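What follows is a short report on a single structure.
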Amino acid sequence: MIIDTLIFARWIIPVIPEQQVLIDHALAVQGGKILEILPADQARAKYQPKSVHELPRHALIPGLINAHTHASMSLMRGLADDLPLMTWLNEHIWPTEGRWINEEFIADGTRLAIAEMIRGGTTCFNDMYFFPEVTGKVCAAAGMRAVVGLITIDFPSAWANNADEYISRGLEVHDQFRSHSLISTAFAPHAPYTVSDAPFKRIRVLADELEIPIHMHVHETKDEISQGISHYGNRPIERLQQLGLLSPALTAVHMTQLEPEEIELFASSGASVVHCPESNLKLASGFCPVATLHQAGINIALGTDGAASNNDLDMFSEMHTAALLAKGIANDASAIPAHTALRMATINGAIALGIADKTGSLEAGKAADLTAVNLGGLETQPIYHPISQLVYATGREKVTDVWIAGKQVLHGGRLTTLDSQEIIQQAQIWQERIAEFE
């Protein structure tokens, strides 16, 4: 049988079934989708591929899913470090956005972010930022899978003047990408402290009608909790419940300030959490009780947050940090084992974003979103358990090849759909512009 691509790897780690490691197998790709995973000798006899990839030192895993970021904020990487969240936002980030955000900024920043993410094995990201139509176009041109956030916030920006306009423009973006194979959408109200009740109610109704997720910062800092109590008379999660927003459609980002009864309430809602450990650590926002959430049966995905607060988009690093941090907070070395951390960076992200039928694991019929990681170097020897090596001993620099929907977007460490030098040059131009006024 003639097929598009056949990839032979030392280890294939499909994530589903959990903890499975297939040795000396091959993955067949046809029409951008996974056709079959089978032993290497059977694959050679069964298929006549148009292209063959031999990866004798590699683990082949699902492409990583960055479940929360602000992609074009990569152009603010290192702009304002070592500051608490509200100081960082009010005195540096929001003023910079007010002066510089436009379509050119979004396009250049998104290209920089996509290039970094692909080189680090990420094949899909969930974005929240202004001009989402630009983000979607750039991702489509680069062959990157993305969930584009239809941002809503009460105050004006270069993209919209008020909450109603944000929602209306967001609906236009949703219609623009309604049938796109790589780009989907989610409502993205910024946070409970920046969105009032009326927009939340409208978003809830529209999200139900359109059957798309709602992506929002929730319980990120103590200050957010204080504001909620002061302005609305309750904590944000209670307010979201009253507004009908606690449901399987909700993806709540950060969740560092939680009471036991809130965890129980959230678990019963079927909503997902996106854990951003490194951003939370850098901004001293608090600690998400990941082990407790996991024990409660809550779906937990991983995100980097934006490069302005991390300062990278490295999902291997997030896996590593998430696994270690969970153990320390829970005082339990068995909390969040390596295979759970890998699941959080793959299929759990797909579940949170409503795209688990398309990606997140290596299963027949799903998109061929694949990442090849070279475990042959001395830093990863000896190899007793490949999944543990991926989480505890491997970095994004070990990623050599990446496919999205069967198209190879990283080949031997080289980007195939983006111009690295041009991206670097544009980033330097923006750095000079912004630094002049910072």
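Convention: chains lettered A, B, ... in structure tokens order; per-chain residue numbering from 1; ligands numbered from 1 as shown.
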(Q) Could you list, as a ChimeraX atom specification, every residue within 8 Å of Lys327 in chain A, counting only C-alpha atoms and ignoring same-chain residues fewer than 5 positions away? (A) /A:291,332-336
Put those residues in a file: N, CA and C atoms, as a tab-separated table (two decimals), in the first residue's frame.
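Dumped everything to selection.tsv:
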chain	number	residue	atom	x	y	z
A	291	ALA	N	-1.45	18.37	42.85
A	291	ALA	CA	-1.69	17.00	43.31
A	291	ALA	C	-3.11	16.85	43.85
A	332	ASP	N	5.04	14.68	48.76
A	332	ASP	CA	4.79	13.32	48.31
A	332	ASP	C	5.56	13.09	47.01
A	333	ALA	N	6.60	12.26	47.05
A	333	ALA	CA	7.43	12.03	45.87
A	333	ALA	C	6.68	11.31	44.75
A	334	SER	N	5.54	10.70	45.08
A	334	SER	CA	4.77	10.00	44.05
A	334	SER	C	3.74	10.91	43.37
A	335	ALA	N	3.60	12.13	43.85
A	335	ALA	CA	2.63	13.05	43.25
A	335	ALA	C	3.09	13.44	41.84
A	336	ILE	N	2.18	13.43	40.90
A	336	ILE	CA	2.44	13.78	39.49
A	336	ILE	C	3.69	13.07	38.97
Would you write out, as CSV, a table of all residues in range 341-408 of chain A that have an atom no more than 8 Å from an atom of range 132-156 of chain A, listing for each the closest atom pair and the distance in Å to one decimal, considering only C-alpha atoms and ordering rows by chain and rising residue number?
residue,atom,partner,partner_atom,distance
A:Leu353,CA,A:Val147,CA,7.4
A:Ile404,CA,A:Met144,CA,6.8
A:Lys407,CA,A:Gly143,CA,7.8
For C-alpha atoms, I'd like the residues from the last selection saved as a PDB file, in the first residue's frame.
ATOM      1  CA  LEU A 353      -9.338  22.931  24.474  1.00  0.00           C
ATOM      2  CA  ILE A 404       1.746  19.072  12.257  1.00  0.00           C
ATOM      3  CA  LYS A 407       3.481  18.226   7.367  1.00  0.00           C
TER       4      LYS A 407
END
Q: Identify, on the basis of only C-alpha atoms, every residue whose closest approach to Ile167 in chain A does not exceed 8 Å; exclude the query and any residue fewer than 2 positions from it along the same chain; express the result as a PyMOL selection string.
A: chain A and resi 150-152+163-165+169-171+203
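Here the residues within range 111-179 of chain A that DSSP labels strand (DSSP E) on the basis of the backbone are Thr122, Thr123, Cys124, Phe125, Asn126, Asp127, Arg145, Ala146, Val147, Val148, Gly149, Leu150, Ile151 and Thr152 of chain A.
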File of the preceding selection, N, CA, C and O atoms, as a compact mmCIF listing (two decimals), in the first residue's frame:
# COMPACT_ATOMS: atom_id res chain seq x y z
N THR A 122 6.39 21.86 20.40
CA THR A 122 4.99 22.21 20.58
C THR A 122 4.31 22.32 19.22
O THR A 122 4.81 23.01 18.33
N THR A 123 3.17 21.66 19.09
CA THR A 123 2.46 21.64 17.81
C THR A 123 1.12 22.36 17.87
O THR A 123 0.44 22.50 16.86
N CYS A 124 0.71 22.78 19.07
CA CYS A 124 -0.56 23.48 19.23
C CYS A 124 -0.46 24.41 20.43
O CYS A 124 0.15 24.04 21.44
N PHE A 125 -1.05 25.61 20.31
CA PHE A 125 -1.09 26.49 21.48
C PHE A 125 -2.45 27.16 21.57
O PHE A 125 -3.16 27.32 20.57
N ASN A 126 -2.79 27.53 22.79
CA ASN A 126 -4.05 28.20 23.09
C ASN A 126 -3.72 29.64 23.44
O ASN A 126 -3.04 29.90 24.43
N ASP A 127 -4.20 30.58 22.62
CA ASP A 127 -3.77 31.97 22.75
C ASP A 127 -4.85 32.87 23.32
O ASP A 127 -6.05 32.61 23.16
N ARG A 145 -0.91 24.54 14.52
CA ARG A 145 -2.25 24.37 15.08
C ARG A 145 -2.42 25.34 16.25
O ARG A 145 -1.51 25.51 17.08
N ALA A 146 -3.59 25.98 16.34
CA ALA A 146 -3.83 26.94 17.41
C ALA A 146 -5.31 27.03 17.73
O ALA A 146 -6.17 26.84 16.87
N VAL A 147 -5.57 27.34 18.99
CA VAL A 147 -6.90 27.75 19.43
C VAL A 147 -6.78 29.24 19.70
O VAL A 147 -6.05 29.67 20.59
N VAL A 148 -7.45 30.03 18.90
CA VAL A 148 -7.32 31.49 18.95
C VAL A 148 -8.37 32.05 19.90
O VAL A 148 -9.57 31.83 19.72
N GLY A 149 -7.92 32.77 20.91
CA GLY A 149 -8.80 33.31 21.91
C GLY A 149 -9.53 34.56 21.44
O GLY A 149 -8.91 35.50 20.94
N LEU A 150 -10.85 34.57 21.62
CA LEU A 150 -11.68 35.72 21.28
C LEU A 150 -11.74 36.59 22.53
O LEU A 150 -12.66 36.49 23.35
N ILE A 151 -10.73 37.44 22.69
CA ILE A 151 -10.53 38.15 23.94
C ILE A 151 -11.67 39.12 24.22
O ILE A 151 -12.24 39.75 23.33
N THR A 152 -12.01 39.21 25.50
CA THR A 152 -12.98 40.20 25.97
C THR A 152 -12.45 40.82 27.26
O THR A 152 -11.94 40.10 28.14
With 7 Å as the cut-off and only C-alpha atoms counted, what is the closest atom pair between each nearby residue of range 338-427 of chain A and range 28-36 of chain A? Distances in Å to one decimal, ordered by chain and number, as JSON lines.
{"residue": "A:Glu363", "atom": "CA", "partner": "A:Ile34", "partner_atom": "CA", "distance": 6.6}
{"residue": "A:Ala364", "atom": "CA", "partner": "A:Ile34", "partner_atom": "CA", "distance": 4.9}
{"residue": "A:Gly365", "atom": "CA", "partner": "A:Ile34", "partner_atom": "CA", "distance": 5.5}
{"residue": "A:Lys366", "atom": "CA", "partner": "A:Lys33", "partner_atom": "CA", "distance": 5.5}
{"residue": "A:Ala367", "atom": "CA", "partner": "A:Lys33", "partner_atom": "CA", "distance": 4.2}
{"residue": "A:Ala368", "atom": "CA", "partner": "A:Lys33", "partner_atom": "CA", "distance": 4.7}
{"residue": "A:Ala405", "atom": "CA", "partner": "A:Gly32", "partner_atom": "CA", "distance": 4.5}
{"residue": "A:Gly406", "atom": "CA", "partner": "A:Gly32", "partner_atom": "CA", "distance": 4.1}
{"residue": "A:Lys407", "atom": "CA", "partner": "A:Gly32", "partner_atom": "CA", "distance": 7.0}
Q.
For a quick check of understanding, using only C-alpha atoms, which of A:Ala326, A:Val273, A:Leu378, A:Ile106 has the smallest distance to Met128 in chain A?
A. A:Ile106
Sorted by chain and rising residue number, which residues of range 255-306 of chain A lie within 12 Å of range 108-117 of chain A, and what are their closest atom pairs and distances in Å to one decimal, counting only C-alpha atoms, as a tab-separated table?
residue	atom	partner	partner_atom	distance
A:Gly303	CA	A:Met117	CA	11.6
A:Thr304	CA	A:Met117	CA	10.4
A:Asp305	CA	A:Ala113	CA	11.5
A:Gly306	CA	A:Ala113	CA	9.2
Q.
List the spatial neighbours of Thr340 in chain A as a VMD selection string - criterion: any atom at most 10 Å away, only C-alpha atoms, same-chain residues fewer than 2 positions off excluded.
A. chain A and resid 15 18 to 19 294 300 319 323 335 to 338 342 to 346 348 387 391
Q. Skipping near chain neighbours, those fewer than 5 positions away, what residues fall within 8 Å of Leu250 in chain A using only C-alpha atoms, listed as a VMD selection string?
A. chain A and resid 213 to 216 245 271 to 272 352
Just write the chosen residues, N, CA, C and O atoms, as a PDB file, in the first residue's frame.
ATOM      1  N   PRO A 213     -14.921  26.431  23.751  1.00  0.00           N
ATOM      2  CA  PRO A 213     -14.511  26.605  25.144  1.00  0.00           C
ATOM      3  C   PRO A 213     -14.486  28.072  25.575  1.00  0.00           C
ATOM      4  O   PRO A 213     -14.555  28.993  24.759  1.00  0.00           O
ATOM      5  N   ILE A 214     -14.361  28.243  26.887  1.00  0.00           N
ATOM      6  CA  ILE A 214     -14.126  29.558  27.498  1.00  0.00           C
ATOM      7  C   ILE A 214     -12.805  29.479  28.247  1.00  0.00           C
ATOM      8  O   ILE A 214     -12.613  28.621  29.117  1.00  0.00           O
ATOM      9  N   HIS A 215     -11.891  30.365  27.899  1.00  0.00           N
ATOM     10  CA  HIS A 215     -10.501  30.341  28.385  1.00  0.00           C
ATOM     11  C   HIS A 215     -10.261  31.618  29.195  1.00  0.00           C
ATOM     12  O   HIS A 215     -10.408  32.703  28.661  1.00  0.00           O
ATOM     13  N   MET A 216      -9.903  31.493  30.476  1.00  0.00           N
ATOM     14  CA  MET A 216      -9.855  32.660  31.338  1.00  0.00           C
ATOM     15  C   MET A 216      -8.855  32.482  32.479  1.00  0.00           C
ATOM     16  O   MET A 216      -8.705  31.392  33.016  1.00  0.00           O
ATOM     17  N   LEU A 245     -20.897  29.885  34.638  1.00  0.00           N
ATOM     18  CA  LEU A 245     -19.682  29.673  33.845  1.00  0.00           C
ATOM     19  C   LEU A 245     -18.874  28.449  34.265  1.00  0.00           C
ATOM     20  O   LEU A 245     -17.939  28.067  33.569  1.00  0.00           O
ATOM     21  N   ALA A 271     -14.971  21.253  34.656  1.00  0.00           N
ATOM     22  CA  ALA A 271     -14.076  22.218  34.022  1.00  0.00           C
ATOM     23  C   ALA A 271     -12.621  21.765  34.128  1.00  0.00           C
ATOM     24  O   ALA A 271     -12.284  20.878  34.917  1.00  0.00           O
ATOM     25  N   SER A 272     -11.750  22.386  33.319  1.00  0.00           N
ATOM     26  CA  SER A 272     -10.323  22.053  33.301  1.00  0.00           C
ATOM     27  C   SER A 272      -9.504  23.176  33.911  1.00  0.00           C
ATOM     28  O   SER A 272      -9.931  24.340  33.936  1.00  0.00           O
ATOM     29  N   ALA A 352      -8.869  19.951  27.407  1.00  0.00           N
ATOM     30  CA  ALA A 352      -9.230  21.282  27.896  1.00  0.00           C
ATOM     31  C   ALA A 352      -9.670  22.203  26.766  1.00  0.00           C
ATOM     32  O   ALA A 352     -10.562  23.040  26.944  1.00  0.00           O
TER      33      ALA A 352
END
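Distances to Glu54 in chain A were evaluated for A:Ala186, A:Ala372, A:Leu89, A:Val173 using only C-alpha atoms, and the minimum falls at A:Ala372.
Straight-line separation from CA of Glu262 in chain A to CA of Val205 in chain A: 23.5 Å.
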Q: Could you give me, as a PyMOL selection string, each residue of range 23-138 of chain A that DSSP assigns to helix (DSSP H, G or I) when run on this structure's backbone?
A: chain A and resi 40-46+71-76+85-100+103-119+132-138
Q | Shell around range 93-101 of chain A at 7 Å using only C-alpha atoms, local window under 4 positions removed, as number ranges by chain | A | A: 88-89, 105, 157-158
Mind writing the picked residues with all heavy atoms as a compact mmCIF listing (two decimals), in the first residue's frame?
# COMPACT_ATOMS: atom_id res chain seq x y z
N TRP A 88 3.72 44.69 37.51
CA TRP A 88 4.17 44.29 36.16
C TRP A 88 3.15 44.72 35.12
O TRP A 88 3.49 45.30 34.09
CB TRP A 88 4.40 42.78 36.19
CG TRP A 88 4.81 42.13 34.92
CD1 TRP A 88 6.05 42.10 34.36
CD2 TRP A 88 3.96 41.33 34.06
NE1 TRP A 88 6.04 41.35 33.20
CE2 TRP A 88 4.78 40.88 33.00
CE3 TRP A 88 2.63 40.97 34.09
CZ2 TRP A 88 4.27 40.06 31.98
CZ3 TRP A 88 2.12 40.17 33.09
CH2 TRP A 88 2.95 39.72 32.04
N LEU A 89 1.87 44.44 35.40
CA LEU A 89 0.81 44.79 34.46
C LEU A 89 0.59 46.30 34.37
O LEU A 89 0.65 46.89 33.29
CB LEU A 89 -0.51 44.13 34.89
CG LEU A 89 -0.72 42.66 34.54
CD1 LEU A 89 -1.99 42.13 35.20
CD2 LEU A 89 -0.78 42.43 33.04
N PHE A 105 2.69 44.31 15.15
CA PHE A 105 3.24 43.76 16.39
C PHE A 105 2.74 42.34 16.60
O PHE A 105 3.54 41.43 16.92
CB PHE A 105 2.82 44.65 17.57
CG PHE A 105 3.35 44.21 18.91
CD1 PHE A 105 4.46 44.80 19.46
CD2 PHE A 105 2.72 43.18 19.62
CE1 PHE A 105 4.94 44.40 20.71
CE2 PHE A 105 3.20 42.77 20.86
CZ PHE A 105 4.30 43.39 21.41
N SER A 157 -8.94 48.95 23.86
CA SER A 157 -7.60 48.65 23.35
C SER A 157 -7.55 49.05 21.89
O SER A 157 -8.52 49.57 21.35
CB SER A 157 -7.31 47.14 23.50
OG SER A 157 -8.10 46.41 22.58
N ALA A 158 -6.45 48.75 21.25
CA ALA A 158 -6.34 49.04 19.81
C ALA A 158 -7.28 48.18 18.99
O ALA A 158 -7.58 48.50 17.84
CB ALA A 158 -4.90 48.81 19.35
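Compared by their closest atoms to Lys398 in chain A, and using only C-alpha atoms, the residues A:Ala301, A:Ala40, A:Val290, A:Leu375 rank with A:Leu375 nearest.
Nearest to Leu83 in chain A of all the residues A:Ile183, A:Asn374, A:Ala341, A:Ala308 is A:Ala308, counting only C-alpha atoms.
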Q. Quick one: of A:Ser51, A:Asn66, A:Ser388, A:Thr251, who's nearest to Gly360 in chain A, counting only C-alpha atoms?
A. A:Asn66
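Distances here use only C-alpha atoms; by that measure, the residue among A:His217, A:Arg119, A:His339, A:His254 closest to Gly63 in chain A is A:Arg119.
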Q: Please measure the separation of CA of Leu246 in chain A and CA of Lys358 in chain A, giving the value in Å to one decimal.
A: 24.4 Å
**Q.** Test item: residues at most 12 Å from Pro260 in chain A, only C-alpha atoms, excluding those fewer than 5 positions along its chain, as a list of chain:residue names
**A.** A:Leu265, A:Phe266, A:Ala267, A:Pro289, A:Thr292, A:Leu293, A:Ala296
